[in-house]
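**Student:** Okay, here's the structure, questions in a sec.
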Amino acid sequence: MLRHSLFLLIATLAAPLAAQETRVAADAHVPPPATIDEAAWLIGHWVGTGIDGAPTAETWLPPMGGTMVGLFAQENPRGGLMFTEHMYLLEEEGSLALKLKHFNADLTGWEEKDEMVRFPLISIEPCAAYFSALTYRCDGENGLLVAVRMKSEGDEVEELVFRLTRREQAARAEPTP
């Protein structure tokens with residue numbers, strides 16, 4: 001099953017990684033004060049390459065009621081849909097948290113019906129948000145770097161890094177037929 005062959009997200013690993021982009025919160029971590037407006041720089045459509053160099057896309061809608069809704073889609077190397085993520089970046093107890101659910105290409109969920117993966121905020125900067133085991137930060141003038149700390153079905157820990165470009169910029173860079 002695709003769910004078991006893909007990496008499983010974990011948010012509390014302490015194993016060090018070389019040249020890591022992600023940070024991990026300590027057990028007693030208290031998320032810092034933050035508002036959804038501080039993450040508004042994420043709004044828009046981003047495209048790039050993801051797992052195995054296959055195309056990926058991520059879209060963030062403007063805040064509504066203290067929440068930004070996002071969608072991530074990852075193709076497989078053969079061009080089919082590998083999986084998607086439905087994400088909420090929300091204000092929670094005076095800070096921010098990112099919550100997400102994974103879906104296979106047939107829309108069956110990875111997590112149980114009422115379960116989700118949750119990333120508490122570690123720190124926020126003008127163009128970066130560091131959650132426990134997940135990073136979003138600007139990468140150059142029109143780029144976005146997304147990094148997530150992952151664990152495979154074994155004990156190996158790795159960090160996946162996605163480099164994306166705002167869709168408006170990517171469209172201008174594509175050759176005209």
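Scheme for the structure tokens: letters A, B, ... for chains in order shown; per-chain residue numbers from 1; ligand numbers from 1 in order shown.
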Mind checking which residues fall within 8 Å of Leu145 of chain A, counting only C-alpha atoms, ignoring those fewer than 3 positions away in the same chain, and posting them as a VMD selection string?
**Tutor:** chain A and resid 135 to 139 161 to 164
**Student:** Let me see the file: selected residues, N, CA and C atoms, as a JSON list (two decimals), in the first residue's frame.
**Tutor:**
[["chain", "number", "residue", "atom", "x", "y", "z"],
["A", 135, "THR", "N", 9.91, 23.18, 8.22],
["A", 135, "THR", "CA", 10.35, 24.55, 7.98],
["A", 135, "THR", "C", 9.74, 25.09, 6.70],
["A", 136, "TYR", "N", 9.30, 26.34, 6.75],
["A", 136, "TYR", "CA", 8.92, 27.12, 5.58],
["A", 136, "TYR", "C", 9.76, 28.37, 5.63],
["A", 137, "ARG", "N", 10.52, 28.66, 4.56],
["A", 137, "ARG", "CA", 11.27, 29.91, 4.55],
["A", 137, "ARG", "C", 11.49, 30.37, 3.12],
["A", 138, "CYS", "N", 11.65, 31.70, 2.97],
["A", 138, "CYS", "CA", 11.94, 32.26, 1.66],
["A", 138, "CYS", "C", 13.28, 31.72, 1.18],
["A", 139, "ASP", "N", 13.38, 31.54, -0.12],
["A", 139, "ASP", "CA", 14.59, 31.01, -0.73],
["A", 139, "ASP", "C", 14.87, 31.85, -1.98],
["A", 161, "VAL", "N", 13.83, 18.12, 1.38],
["A", 161, "VAL", "CA", 13.83, 19.55, 1.10],
["A", 161, "VAL", "C", 13.19, 19.76, -0.26],
["A", 162, "PHE", "N", 12.18, 20.63, -0.30],
["A", 162, "PHE", "CA", 11.47, 20.99, -1.52],
["A", 162, "PHE", "C", 11.79, 22.45, -1.83],
["A", 163, "ARG", "N", 12.21, 22.72, -3.05],
["A", 163, "ARG", "CA", 12.46, 24.10, -3.47],
["A", 163, "ARG", "C", 11.40, 24.47, -4.50],
["A", 164, "LEU", "N", 10.61, 25.48, -4.16],
["A", 164, "LEU", "CA", 9.48, 25.87, -4.98],
["A", 164, "LEU", "C", 9.63, 27.32, -5.43]]
**Student:** Residues within 12 Å of Ala129 of chain A, please, as a PyMOL selection string. Count only C-alpha atoms; anything in the same chain fewer than 2 positions from it doesn't count.
**Tutor:** chain A and resi 21-23+31-32+34-42+89+95-98+119-127+131-138+144-147
**Student:** Go ahead and write the selection's residues with C-alpha atoms as a compact mmCIF listing (two decimals), in the first residue's frame.
**Tutor:**
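Final output, saved to again.txt:
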# COMPACT_ATOMS: atom_id res chain seq x y z
CA GLU A 21 16.85 22.99 7.66
CA THR A 22 14.43 21.70 10.28
CA ARG A 23 14.38 22.28 14.02
CA PRO A 31 5.23 27.94 21.27
CA PRO A 32 6.08 31.66 20.97
CA ALA A 34 2.47 34.67 16.74
CA THR A 35 -0.47 35.59 14.53
CA ILE A 36 -1.62 34.33 11.16
CA ASP A 37 -0.75 37.70 9.61
CA GLU A 38 2.93 36.90 10.21
CA ALA A 39 2.64 33.96 7.79
CA ALA A 40 0.79 35.86 5.04
CA TRP A 41 3.95 35.82 2.87
CA LEU A 42 3.07 32.15 2.11
CA LEU A 89 -2.02 26.95 9.43
CA SER A 95 0.71 31.10 18.67
CA LEU A 96 0.59 29.19 15.37
CA ALA A 97 0.36 25.50 14.58
CA LEU A 98 0.26 23.63 11.30
CA PHE A 119 3.50 20.76 14.00
CA PRO A 120 3.81 23.34 16.83
CA LEU A 121 5.60 26.62 16.07
CA ILE A 122 9.19 26.96 17.31
CA SER A 123 9.94 30.43 15.92
CA ILE A 124 8.76 32.88 13.29
CA GLU A 125 10.68 35.51 11.35
CA PRO A 126 9.67 38.00 8.61
CA CYS A 127 10.07 35.36 5.88
CA PHE A 131 7.68 24.37 13.24
CA SER A 132 8.88 21.26 15.04
CA ALA A 133 10.28 19.06 12.21
CA LEU A 134 8.91 21.36 9.46
CA THR A 135 10.35 24.55 7.98
CA TYR A 136 8.92 27.12 5.58
CA ARG A 137 11.27 29.91 4.55
CA CYS A 138 11.94 32.26 1.66
CA LEU A 144 10.13 28.92 -1.06
CA LEU A 145 12.05 26.23 0.75
CA VAL A 146 9.98 23.61 2.56
CA ALA A 147 11.83 21.03 4.64
**Student:** Which value, in Å to one decimal, gives the distance between atom CA of His102 of chain A and atom CA of Leu81 of chain A?
**Tutor:**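 Going from atom CA of His102 of chain A over to atom CA of Leu81 of chain A, I get 12.7 Å.
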**Student:** Which one is closest to Pro77 of chain A: A:Gln20, A:Ser152, A:Thr49, A:Asn104? Count only C-alpha atoms.
**Tutor:**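 With only C-alpha atoms as the atom set, the closest residue is A:Thr49.
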**Student:** At what distance in Å, to one decimal, does atom CA of Phe103 of chain A lie from atom CA of Asn76 of chain A?
**Tutor:**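 These two atoms are separated by 13.9 Å.
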